[in-house]
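Trainee: Here it is, the structure, as structure tokens.
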Amino acid sequence: MDWNHYRFRSLWALPASAPAVYRALERIEDYPRWWPQVREVTRLDADSGTLRVRSLLPYDLTQVLREGRRDPEAGVLEVSLSGDIEGWARWTVTPDGTGTLVRYDQEVDVRKPLLRRLAVPGRAFFRANHTLMMRAGRRGLAAHLAAV
């Protein structure tokens, strides 16, 4: 087992239309406004940017995101990640009754040296940290969409 390899999946049920949710998710520069753990986003060009996140545990992760797929008809936004973590992340947005179901998938390898050294004893904490961050993201996006 590679202790520095992670696969994550989160499902968010949101009381907003799929197009509204998709538009919010594609505006990554706005994430810090509604997602507390996304501390900073800096556009590098039209297809890439840097993202700095910090959840409950006392470390930041900084990564470069490069657009891989943007397909509003299929409801898919996908990026490649490099930096403290390397891999990919994908949002899939689908209508669900009067609301929307959002699926977040991520597959990454940790590159940040401190986190690599703590891979075995810290794995459960790192996974819990990610879960807490995703819960806060869902709450933040729901509130953001309700306010728009």
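Every chain in the structure tokens has a letter given in the order shown (A, B, ...), and although residue numbers restart at 1 in each chain, ligands are simply numbered from 1 in the order shown.
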Please, which residues in segment 71-132 of chain A fall within 12 Å of segment 42-58 of chain A when counting only C-alpha atoms, and what is the closest atom pair and distance in Å to one decimal for each, ordered by chain then residue number, as a tab-separated table?
Mentor:
```
residue	atom	partner	partner_atom	distance
A:Leu77	CA	A:Asp47	CA	11.9
A:Glu78	CA	A:Asp47	CA	11.3
A:Val79	CA	A:Ser48	CA	8.8
A:Ser80	CA	A:Ser48	CA	9.4
A:Leu81	CA	A:Thr50	CA	9.5
A:Ser82	CA	A:Thr50	CA	9.4
A:Gly83	CA	A:Thr50	CA	9.2
A:Asp84	CA	A:Arg52	CA	9.8
A:Ile85	CA	A:Leu51	CA	11.1
A:Leu114	CA	A:Pro58	CA	11.5
A:Leu115	CA	A:Leu57	CA	11.2
A:Gly122	CA	A:Leu57	CA	10.4
A:Ala124	CA	A:Leu57	CA	11.9
A:Phe125	CA	A:Leu57	CA	8.1
A:Phe126	CA	A:Leu57	CA	8.0
A:Arg127	CA	A:Leu57	CA	10.8
A:Ala128	CA	A:Leu56	CA	9.2
A:Asn129	CA	A:Leu56	CA	6.1
A:His130	CA	A:Ser55	CA	7.5
A:Thr131	CA	A:Ser55	CA	9.6
A:Leu132	CA	A:Ser55	CA	7.5
```
Trainee: Write out as a list of chain:residue names which residues come within 6 Å of segment 25-35 of chain A when counting only C-alpha atoms, dropping same-chain ones fewer than 4 positions away.
Mentor: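 The filter keeps A:Arg39, A:Val41, A:Gly137, A:Gly140, A:Leu141.
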Trainee: Keeping N, CA and C atoms for every residue in the selection just given, could you write it to a file as a PDB file, in the first residue's frame?
Mentor:
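Done, and the output landed in again_10.pdb:
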```pdb
ATOM      1  N   ARG A  39      -8.084  29.218   1.439  1.00  0.00           N
ATOM      2  CA  ARG A  39      -7.558  30.482   1.950  1.00  0.00           C
ATOM      3  C   ARG A  39      -7.195  31.475   0.859  1.00  0.00           C
ATOM      4  N   VAL A  41      -6.774  31.928  -3.695  1.00  0.00           N
ATOM      5  CA  VAL A  41      -6.747  31.478  -5.081  1.00  0.00           C
ATOM      6  C   VAL A  41      -6.134  32.597  -5.901  1.00  0.00           C
ATOM      7  N   GLY A 137     -17.272  22.928   2.988  1.00  0.00           N
ATOM      8  CA  GLY A 137     -17.474  23.396   1.620  1.00  0.00           C
ATOM      9  C   GLY A 137     -18.922  23.273   1.188  1.00  0.00           C
ATOM     10  N   GLY A 140     -20.916  25.915   3.031  1.00  0.00           N
ATOM     11  CA  GLY A 140     -20.601  27.239   2.497  1.00  0.00           C
ATOM     12  C   GLY A 140     -21.212  27.476   1.136  1.00  0.00           C
ATOM     13  N   LEU A 141     -21.153  26.466   0.265  1.00  0.00           N
ATOM     14  CA  LEU A 141     -21.730  26.624  -1.064  1.00  0.00           C
ATOM     15  C   LEU A 141     -23.247  26.737  -0.972  1.00  0.00           C
TER      16      LEU A 141
END
```
Trainee: Among segment 47-121 of chain A, which ones does DSSP place in strand (DSSP E), written as a PyMOL selection string?
Mentor: chain A and resi 48-53+61-71+76-83+85-96+99-110
Trainee: Please, could you write that set of residues out with C-alpha atoms as a PDB file, in the first residue's frame?
Mentor:
```
ATOM      1  CA  SER A  48      -4.629  27.623 -14.375  1.00  0.00           C
ATOM      2  CA  GLY A  49      -4.143  29.041 -10.923  1.00  0.00           C
ATOM      3  CA  THR A  50      -2.714  28.391  -7.496  1.00  0.00           C
ATOM      4  CA  LEU A  51      -4.853  27.300  -4.579  1.00  0.00           C
ATOM      5  CA  ARG A  52      -3.907  27.337  -0.902  1.00  0.00           C
ATOM      6  CA  VAL A  53      -6.030  25.381   1.580  1.00  0.00           C
ATOM      7  CA  LEU A  61      -1.415  22.714   1.051  1.00  0.00           C
ATOM      8  CA  THR A  62      -0.527  24.735  -2.012  1.00  0.00           C
ATOM      9  CA  GLN A  63      -1.156  23.409  -5.468  1.00  0.00           C
ATOM     10  CA  VAL A  64      -1.323  24.507  -9.060  1.00  0.00           C
ATOM     11  CA  LEU A  65      -4.598  23.631 -10.762  1.00  0.00           C
ATOM     12  CA  ARG A  66      -4.728  23.250 -14.535  1.00  0.00           C
ATOM     13  CA  GLU A  67      -8.037  22.919 -16.313  1.00  0.00           C
ATOM     14  CA  GLY A  68      -8.492  19.491 -17.821  1.00  0.00           C
ATOM     15  CA  ARG A  69     -12.161  19.326 -18.745  1.00  0.00           C
ATOM     16  CA  ARG A  70     -14.923  21.901 -18.637  1.00  0.00           C
ATOM     17  CA  ASP A  71     -18.172  20.466 -19.933  1.00  0.00           C
ATOM     18  CA  VAL A  76     -18.154  18.110 -15.390  1.00  0.00           C
ATOM     19  CA  LEU A  77     -15.266  20.262 -14.186  1.00  0.00           C
ATOM     20  CA  GLU A  78     -11.894  18.540 -13.928  1.00  0.00           C
ATOM     21  CA  VAL A  79      -8.421  19.801 -13.067  1.00  0.00           C
ATOM     22  CA  SER A  80      -4.960  18.357 -12.739  1.00  0.00           C
ATOM     23  CA  LEU A  81      -3.113  19.162  -9.516  1.00  0.00           C
ATOM     24  CA  SER A  82       0.590  19.672  -8.887  1.00  0.00           C
ATOM     25  CA  GLY A  83       2.544  20.975  -5.940  1.00  0.00           C
ATOM     26  CA  ILE A  85      -0.354  17.135  -3.804  1.00  0.00           C
ATOM     27  CA  GLU A  86      -0.331  15.775  -7.355  1.00  0.00           C
ATOM     28  CA  GLY A  87      -3.135  14.120  -9.244  1.00  0.00           C
ATOM     29  CA  TRP A  88      -6.586  15.208 -10.330  1.00  0.00           C
ATOM     30  CA  ALA A  89      -9.936  16.400  -9.000  1.00  0.00           C
ATOM     31  CA  ARG A  90     -13.375  16.356 -10.631  1.00  0.00           C
ATOM     32  CA  TRP A  91     -16.773  17.911  -9.885  1.00  0.00           C
ATOM     33  CA  THR A  92     -19.794  16.222 -11.481  1.00  0.00           C
ATOM     34  CA  VAL A  93     -23.014  18.225 -11.194  1.00  0.00           C
ATOM     35  CA  THR A  94     -26.367  16.551 -11.932  1.00  0.00           C
ATOM     36  CA  PRO A  95     -29.980  17.638 -11.444  1.00  0.00           C
ATOM     37  CA  ASP A  96     -31.716  15.807  -8.602  1.00  0.00           C
ATOM     38  CA  GLY A  99     -32.068  20.461  -6.424  1.00  0.00           C
ATOM     39  CA  THR A 100     -28.677  19.201  -7.451  1.00  0.00           C
ATOM     40  CA  LEU A 101     -26.375  16.351  -6.572  1.00  0.00           C
ATOM     41  CA  VAL A 102     -22.692  17.209  -6.694  1.00  0.00           C
ATOM     42  CA  ARG A 103     -20.074  14.483  -6.719  1.00  0.00           C
ATOM     43  CA  TYR A 104     -16.466  15.352  -5.942  1.00  0.00           C
ATOM     44  CA  ASP A 105     -13.771  12.824  -6.835  1.00  0.00           C
ATOM     45  CA  GLN A 106     -10.092  13.284  -6.170  1.00  0.00           C
ATOM     46  CA  GLU A 107      -7.092  11.005  -6.597  1.00  0.00           C
ATOM     47  CA  VAL A 108      -3.780  12.383  -5.391  1.00  0.00           C
ATOM     48  CA  ASP A 109      -0.302  11.586  -4.161  1.00  0.00           C
ATOM     49  CA  VAL A 110       1.080  13.663  -1.308  1.00  0.00           C
TER      50      VAL A 110
END
```
Trainee: Rounded to one decimal place, report the atom CA of Met133 of chain A-atom CA of Tyr59 of chain A distance in Å.
Mentor: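 Straight-line distance from atom CA of Met133 of chain A to atom CA of Tyr59 of chain A works out to 13.1 Å.
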Trainee: From the DSSP assignment of the backbone, select every residue of segment 12-147 of chain A that is alpha helix (DSSP H), and format the answer as a PyMOL selection string.
Mentor: chain A and resi 18-26+31-34+113-117+119-147
Trainee: Please, could you write that set of residues out with N, CA and C atoms as a tab-separated table (two decimals), in the first residue's frame?
Mentor:
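Saved to selection.tsv:
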```
chain	number	residue	atom	x	y	z
A	18	ALA	N	-28.95	22.85	-11.03
A	18	ALA	CA	-27.65	22.36	-11.49
A	18	ALA	C	-26.86	23.45	-12.23
A	19	PRO	N	-27.48	24.25	-13.11
A	19	PRO	CA	-26.70	25.31	-13.77
A	19	PRO	C	-26.12	26.33	-12.77
A	20	ALA	N	-26.89	26.68	-11.73
A	20	ALA	CA	-26.38	27.63	-10.74
A	20	ALA	C	-25.21	27.04	-9.96
A	21	VAL	N	-25.31	25.78	-9.61
A	21	VAL	CA	-24.23	25.11	-8.88
A	21	VAL	C	-22.99	25.02	-9.77
A	22	TYR	N	-23.18	24.63	-11.01
A	22	TYR	CA	-22.04	24.52	-11.94
A	22	TYR	C	-21.33	25.87	-12.08
A	23	ARG	N	-22.12	26.93	-12.27
A	23	ARG	CA	-21.52	28.27	-12.43
A	23	ARG	C	-20.71	28.65	-11.19
A	24	ALA	N	-21.22	28.33	-10.01
A	24	ALA	CA	-20.48	28.64	-8.78
A	24	ALA	C	-19.18	27.83	-8.69
A	25	LEU	N	-19.24	26.57	-9.05
A	25	LEU	CA	-18.05	25.72	-8.95
A	25	LEU	C	-17.00	26.07	-10.00
A	26	GLU	N	-17.40	26.58	-11.15
A	26	GLU	CA	-16.40	26.91	-12.16
A	26	GLU	C	-15.69	28.24	-11.86
A	31	TYR	N	-14.03	30.79	-4.51
A	31	TYR	CA	-14.10	29.78	-3.45
A	31	TYR	C	-13.79	30.36	-2.07
A	32	PRO	N	-12.78	31.22	-1.92
A	32	PRO	CA	-12.51	31.74	-0.56
A	32	PRO	C	-13.68	32.51	0.04
A	33	ARG	N	-14.61	32.99	-0.78
A	33	ARG	CA	-15.77	33.73	-0.27
A	33	ARG	C	-16.76	32.81	0.45
A	34	TRP	N	-16.82	31.55	0.03
A	34	TRP	CA	-17.81	30.65	0.62
A	34	TRP	C	-17.23	29.38	1.25
A	113	PRO	N	6.84	17.25	1.94
A	113	PRO	CA	7.74	16.39	2.71
A	113	PRO	C	7.26	16.06	4.12
A	114	LEU	N	6.79	17.02	4.88
A	114	LEU	CA	6.34	16.74	6.24
A	114	LEU	C	5.20	15.72	6.25
A	115	LEU	N	4.24	15.88	5.36
A	115	LEU	CA	3.11	14.97	5.33
A	115	LEU	C	3.52	13.58	4.85
A	116	ARG	N	4.52	13.52	3.99
A	116	ARG	CA	5.03	12.21	3.56
A	116	ARG	C	5.67	11.49	4.75
A	117	ARG	N	6.42	12.23	5.57
A	117	ARG	CA	7.06	11.61	6.74
A	117	ARG	C	6.03	11.12	7.76
A	119	ALA	N	3.06	9.92	6.99
A	119	ALA	CA	2.06	9.18	6.22
A	119	ALA	C	1.38	8.08	7.03
A	120	VAL	N	2.13	7.26	7.70
A	120	VAL	CA	1.52	6.13	8.41
A	120	VAL	C	0.78	6.58	9.66
A	121	PRO	N	1.43	7.29	10.59
A	121	PRO	CA	0.67	7.66	11.79
A	121	PRO	C	-0.39	8.73	11.54
A	122	GLY	N	-0.25	9.51	10.48
A	122	GLY	CA	-1.17	10.61	10.25
A	122	GLY	C	-2.31	10.32	9.29
A	123	ARG	N	-2.30	9.18	8.64
A	123	ARG	CA	-3.27	8.91	7.57
A	123	ARG	C	-4.72	9.12	8.02
A	124	ALA	N	-5.12	8.57	9.14
A	124	ALA	CA	-6.50	8.72	9.61
A	124	ALA	C	-6.83	10.18	9.88
A	125	PHE	N	-5.88	10.92	10.40
A	125	PHE	CA	-6.10	12.35	10.66
A	125	PHE	C	-6.23	13.13	9.35
A	126	PHE	N	-5.39	12.79	8.36
A	126	PHE	CA	-5.45	13.48	7.07
A	126	PHE	C	-6.81	13.23	6.39
A	127	ARG	N	-7.30	11.99	6.47
A	127	ARG	CA	-8.60	11.68	5.87
A	127	ARG	C	-9.72	12.42	6.60
A	128	ALA	N	-9.66	12.45	7.93
A	128	ALA	CA	-10.68	13.17	8.71
A	128	ALA	C	-10.62	14.67	8.40
A	129	ASN	N	-9.42	15.20	8.25
A	129	ASN	CA	-9.24	16.60	7.91
A	129	ASN	C	-9.92	16.92	6.58
A	130	HIS	N	-9.74	16.05	5.60
A	130	HIS	CA	-10.37	16.23	4.29
A	130	HIS	C	-11.89	16.17	4.41
A	131	THR	N	-12.39	15.22	5.19
A	131	THR	CA	-13.85	15.09	5.38
A	131	THR	C	-14.43	16.36	5.99
A	132	LEU	N	-13.78	16.90	7.00
A	132	LEU	CA	-14.26	18.14	7.63
A	132	LEU	C	-14.24	19.30	6.64
A	133	MET	N	-13.20	19.37	5.84
A	133	MET	CA	-13.11	20.44	4.84
A	133	MET	C	-14.24	20.33	3.83
A	134	MET	N	-14.55	19.12	3.38
A	134	MET	CA	-15.60	18.94	2.40
A	134	MET	C	-16.97	19.27	3.00
A	135	ARG	N	-17.21	18.91	4.25
A	135	ARG	CA	-18.48	19.27	4.90
A	135	ARG	C	-18.65	20.78	4.97
A	136	ALA	N	-17.59	21.47	5.33
A	136	ALA	CA	-17.65	22.93	5.40
A	136	ALA	C	-17.87	23.53	4.01
A	137	GLY	N	-17.27	22.93	2.99
A	137	GLY	CA	-17.47	23.40	1.62
A	137	GLY	C	-18.92	23.27	1.19
A	138	ARG	N	-19.55	22.15	1.51
A	138	ARG	CA	-20.97	21.96	1.16
A	138	ARG	C	-21.84	22.99	1.86
A	139	ARG	N	-21.61	23.19	3.15
A	139	ARG	CA	-22.39	24.19	3.89
A	139	ARG	C	-22.17	25.59	3.32
A	140	GLY	N	-20.92	25.91	3.03
A	140	GLY	CA	-20.60	27.24	2.50
A	140	GLY	C	-21.21	27.48	1.14
A	141	LEU	N	-21.15	26.47	0.26
A	141	LEU	CA	-21.73	26.62	-1.06
A	141	LEU	C	-23.25	26.74	-0.97
A	142	ALA	N	-23.88	25.95	-0.12
A	142	ALA	CA	-25.34	26.04	0.04
A	142	ALA	C	-25.74	27.45	0.49
A	143	ALA	N	-25.02	28.00	1.46
A	143	ALA	CA	-25.32	29.36	1.92
A	143	ALA	C	-25.06	30.39	0.83
A	144	HIS	N	-23.99	30.23	0.10
A	144	HIS	CA	-23.64	31.15	-1.00
A	144	HIS	C	-24.74	31.14	-2.06
A	145	LEU	N	-25.20	29.95	-2.44
A	145	LEU	CA	-26.22	29.84	-3.47
A	145	LEU	C	-27.55	30.41	-2.99
A	146	ALA	N	-27.86	30.25	-1.72
A	146	ALA	CA	-29.10	30.79	-1.17
A	146	ALA	C	-29.08	32.32	-1.18
A	147	ALA	N	-27.89	32.90	-1.04
A	147	ALA	CA	-27.76	34.35	-0.98
A	147	ALA	C	-27.75	35.00	-2.36
```
Trainee: I'd like to know which of A:Gln37, A:Met1, A:Ser17, A:Arg111 is closest to Gly75 of chain A, using only C-alpha atoms.
Mentor: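 Nearest candidate to Gly75 of chain A out of A:Gln37, A:Met1, A:Ser17, A:Arg111: A:Ser17.
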Trainee: Mind pulling up the distance from atom CA of Ala13 of chain A to atom CA of Glu40 of chain A?
Mentor: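 Straight-line distance from atom CA of Glu40 of chain A to atom CA of Ala13 of chain A works out to 25.3 Å.
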Trainee: One decimal, in Å: what's the spacing between atom CA of Val38 of chain A and atom CA of Asp60 of chain A?
Mentor: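 Atom CA of Val38 of chain A sits 9.8 Å away from atom CA of Asp60 of chain A.
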